[in-house]
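Taking it in order: structure first as structure tokens, then the write-up.
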Amino acid sequence: MYTKYTIYKQGRRMQLQKGCALFFGSGSRIVYFRIMHRVWVILFGFLLMGCATGAKIIDKPIDFDKSRIALTQSYLKQHYGLEQEHITIVPKMIVIHWTAIATLEGSFNAFKTNTLPSSRDDITSAGNLNVSSQFLIDQDGTIYHLMPETYMARHVIGLNHCAIGVENVGGTKNTPLTKKQLKANIDLITYLKNKYPIDYLIGHYEYTFFEGHPLWLEVDQDYRTIKTDPGKDFMTNLREATKALNFKPLPK
């Protein structure tokens, strides 16, 4: 992608290609300049999404080195029968969670390392890849981007290969999810729906509804956990606020 200018300088016609910036030199007279159409389309698209959602996203990356990539590849093979060199996904759903941890840093640290901590012995039999999600939303509504949106994260049994995860700090008795988090979720969901071919919006507690669905790829019949996050009231409010996005209903 480049910006193309036609400049007349001292009677000579020159074509310059510069990276989206126009420089005026003494003695130069700009007669014509043209921005490639696809550049304007892309920029205009980003502008529309920013205006429509108001989502402000801050990078806060978890560890993601060759070790985590290898663990992710192993998980894809073990649980979904997918052998692939890359760990990218085509997002088809957004899964909303709570961390059940009261603070941002505590929640972030739970996802940061490549391997599961010893405290997660309930799921270590299903692989050493640590849990994570693509996004984490603090109690004040700040959205943090933890890893590439189209890298697989371990956050929902059976569906990680096609799901973007959104974790919300809190969900404990003393730190329930907040109105600011609800608004941030709405903004983020709108942004993601505009960007990817996403069909479903679900709460973590609803993941088992997809057993038997074409998106369900879990091969381990004994690997299930009972979830309640992010709460039925929170999901009801999210669905009401995003109904114009026309997500598909949950399988029955």
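By convention here, the chains of the structure tokens are called A, B, ... in the order presented, each chain's residues are numbered starting at 1, and ligands are numbered starting at 1 in the order presented.
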Near segment 96-112 of chain A, counting only C-alpha atoms, which residues have an atom at most 6 Å away, once you skip same-chain residues fewer than 4 positions from it, shown as a PDB file with N, CA and C atoms, in the first residue's frame?
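Dumped to around04.pdb:
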ATOM      1  N   ILE A  62       0.710 -11.353  27.094  1.00  0.00           N
ATOM      2  CA  ILE A  62       1.167 -12.470  27.915  1.00  0.00           C
ATOM      3  C   ILE A  62       2.387 -13.098  27.230  1.00  0.00           C
ATOM      4  N   ASP A  63       3.070 -13.994  27.920  1.00  0.00           N
ATOM      5  CA  ASP A  63       4.193 -14.700  27.310  1.00  0.00           C
ATOM      6  C   ASP A  63       3.687 -15.522  26.133  1.00  0.00           C
ATOM      7  N   VAL A 131      -4.145 -21.704  30.461  1.00  0.00           N
ATOM      8  CA  VAL A 131      -5.363 -21.027  30.017  1.00  0.00           C
ATOM      9  C   VAL A 131      -5.031 -19.581  29.652  1.00  0.00           C
ATOM     10  N   SER A 132      -5.845 -19.013  28.793  1.00  0.00           N
ATOM     11  CA  SER A 132      -5.639 -17.623  28.380  1.00  0.00           C
ATOM     12  C   SER A 132      -6.875 -17.167  27.619  1.00  0.00           C
ATOM     13  N   ASP A 138     -10.887  -4.931  32.573  1.00  0.00           N
ATOM     14  CA  ASP A 138     -10.788  -4.587  33.989  1.00  0.00           C
ATOM     15  C   ASP A 138     -12.127  -4.060  34.507  1.00  0.00           C
ATOM     16  N   VAL A 166     -13.072 -13.510  25.856  1.00  0.00           N
ATOM     17  CA  VAL A 166     -13.065 -12.213  26.547  1.00  0.00           C
ATOM     18  C   VAL A 166     -13.231 -12.488  28.038  1.00  0.00           C
ATOM     19  N   GLU A 167     -12.182 -12.265  28.793  1.00  0.00           N
ATOM     20  CA  GLU A 167     -12.215 -12.433  30.252  1.00  0.00           C
ATOM     21  C   GLU A 167     -12.523 -11.096  30.921  1.00  0.00           C
ATOM     22  N   ASN A 168     -13.299 -11.154  32.000  1.00  0.00           N
ATOM     23  CA  ASN A 168     -13.628  -9.972  32.780  1.00  0.00           C
ATOM     24  C   ASN A 168     -13.097 -10.133  34.204  1.00  0.00           C
ATOM     25  N   VAL A 169     -12.342  -9.151  34.657  1.00  0.00           N
ATOM     26  CA  VAL A 169     -11.791  -9.186  36.015  1.00  0.00           C
ATOM     27  C   VAL A 169     -12.941  -9.178  37.021  1.00  0.00           C
ATOM     28  N   GLY A 170     -12.885 -10.080  37.984  1.00  0.00           N
ATOM     29  CA  GLY A 170     -13.923 -10.143  39.006  1.00  0.00           C
ATOM     30  C   GLY A 170     -14.809 -11.355  38.833  1.00  0.00           C
ATOM     31  N   GLY A 171     -16.026 -11.207  39.308  1.00  0.00           N
ATOM     32  CA  GLY A 171     -16.949 -12.330  39.316  1.00  0.00           C
ATOM     33  C   GLY A 171     -16.978 -13.033  40.660  1.00  0.00           C
ATOM     34  N   THR A 172     -16.354 -12.395  41.664  1.00  0.00           N
ATOM     35  CA  THR A 172     -16.391 -12.929  43.024  1.00  0.00           C
ATOM     36  C   THR A 172     -17.519 -12.235  43.792  1.00  0.00           C
ATOM     37  N   THR A 175     -16.463  -8.660  44.245  1.00  0.00           N
ATOM     38  CA  THR A 175     -16.151  -7.917  43.013  1.00  0.00           C
ATOM     39  C   THR A 175     -17.018  -8.419  41.857  1.00  0.00           C
ATOM     40  N   GLY A 203     -21.984 -17.217  26.681  1.00  0.00           N
ATOM     41  CA  GLY A 203     -21.338 -17.215  27.977  1.00  0.00           C
ATOM     42  C   GLY A 203     -20.614 -18.530  28.169  1.00  0.00           C
ATOM     43  N   HIS A 204     -19.567 -18.527  28.969  1.00  0.00           N
ATOM     44  CA  HIS A 204     -18.783 -19.742  29.177  1.00  0.00           C
ATOM     45  C   HIS A 204     -19.665 -20.894  29.661  1.00  0.00           C
ATOM     46  N   ASP A 229     -19.758 -18.738  34.671  1.00  0.00           N
ATOM     47  CA  ASP A 229     -19.396 -17.394  34.220  1.00  0.00           C
ATOM     48  C   ASP A 229     -19.923 -17.119  32.807  1.00  0.00           C
ATOM     49  N   PRO A 230     -20.244 -15.841  32.555  1.00  0.00           N
ATOM     50  CA  PRO A 230     -20.118 -14.651  33.404  1.00  0.00           C
ATOM     51  C   PRO A 230     -21.410 -14.303  34.139  1.00  0.00           C
TER      52      PRO A 230
END
Test item: residues at most 7 Å from Lys180 of chain A, only C-alpha atoms, excluding those fewer than 6 positions along its chain, as a ChimeraX atom specification: /A:139-141
Distance query Tyr80 of chain A at most 6 Å, only C-alpha atoms, self and fewer than 4 positions along chain excluded, as JSON, numbers by chain: {"A": [76, 217, 218]}
Those in segment 40-252 of chain A with helix (DSSP H, G or I) from DSSP, as a count of residues only: 84
Compile the contact shell of Val156 of chain A as an mmCIF file with N, CA and C atoms, in the first residue's frame: residues with an atom at most 9 Å away, counting only C-alpha atoms, same-chain residues fewer than 3 positions apart removed.
data_model
loop_
_atom_site.group_PDB
_atom_site.id
_atom_site.type_symbol
_atom_site.label_atom_id
_atom_site.label_comp_id
_atom_site.auth_asym_id
_atom_site.auth_seq_id
_atom_site.Cartn_x
_atom_site.Cartn_y
_atom_site.Cartn_z
ATOM 1 N N VAL A 95 -16.660 -15.897 23.273
ATOM 2 C CA VAL A 95 -17.036 -16.514 24.547
ATOM 3 C C VAL A 95 -16.683 -15.544 25.674
ATOM 4 N N ALA A 153 -6.415 -19.609 21.836
ATOM 5 C CA ALA A 153 -6.257 -19.507 23.290
ATOM 6 C C ALA A 153 -7.046 -20.638 23.932
ATOM 7 N N LEU A 159 -14.130 -25.810 21.755
ATOM 8 C CA LEU A 159 -14.400 -24.730 20.807
ATOM 9 C C LEU A 159 -13.244 -23.738 20.630
ATOM 10 N N ASN A 160 -12.128 -23.980 21.305
ATOM 11 C CA ASN A 160 -11.008 -23.037 21.214
ATOM 12 C C ASN A 160 -10.548 -22.783 19.789
ATOM 13 N N ALA A 163 -12.884 -19.853 18.583
ATOM 14 C CA ALA A 163 -13.476 -18.917 19.555
ATOM 15 C C ALA A 163 -12.492 -17.864 20.026
ATOM 16 N N GLY A 165 -11.838 -15.392 23.118
ATOM 17 C CA GLY A 165 -12.218 -15.307 24.516
ATOM 18 C C GLY A 165 -12.092 -13.903 25.068
ATOM 19 N N HIS A 204 -19.567 -18.527 28.969
ATOM 20 C CA HIS A 204 -18.783 -19.742 29.177
ATOM 21 C C HIS A 204 -19.665 -20.894 29.661
ATOM 22 N N TYR A 207 -21.212 -23.401 26.940
ATOM 23 C CA TYR A 207 -20.400 -24.081 25.927
ATOM 24 C C TYR A 207 -20.888 -25.483 25.590
#
Gap from atom CA of Leu201 of chain A to atom CA of Ser133 of chain A - Å, one decimal: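 One can read the atom CA of Leu201 of chain A to atom CA of Ser133 of chain A distance as 15.0 Å.
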Picked from segment 98-221 of chain A by DSSP as strand (DSSP E or B), as a list in words: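 Written out, the strand (DSSP E or B) residues of segment 98-221 of chain A are Trp98, Ile101, Thr115, Leu129, Phe135, Leu136, Ile137, Ile143, Tyr144, His145, Tyr151, Ala163, Ile164, Gly165, Val166, Glu167, Asn168, Gly170, Tyr200, Leu201, Ile202 and Gly203 of chain A.
For the residues A:Asp199, A:Glu206, A:Asp122, A:Glu149, ranking by smallest atom-to-atom distance to Lys232 of chain A using only C-alpha atoms places A:Glu206 first.
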Distance of atom CA of Met147 of chain A from atom CA of Asp65 of chain A, expressed in Å to one decimal place: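 Separation of atom CA of Asp65 of chain A and atom CA of Met147 of chain A: 11.2 Å.
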Near-segment 88-93 of chain A list (8 Å; only C-alpha atoms; drop same-chain fewer than 3 positions) as an MDAnalysis selection string: chainID A and resid 150:152 161:164 196:202
Long-range neighbours of Phe209 of chain A as a list in words, 8 Å cut-off, only C-alpha atoms, 5 positions minimum in chain: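 In the requested format, the answer is Leu250, Pro251 and Lys252 of chain A.
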Two-atom distance - atom CA of Asn246 of chain A, atom CA of Ile87 of chain A (Å): 28.2 Å
Who sits within 10 Å of Arg68 of chain A, only C-alpha atoms, same chain under 6 positions skipped, as a list in words: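 Skipping anything fewer than 6 positions along the chain leaves Ser74, Thr113, Asn114, Thr115, Asn128, Leu129 and Asn130 of chain A.
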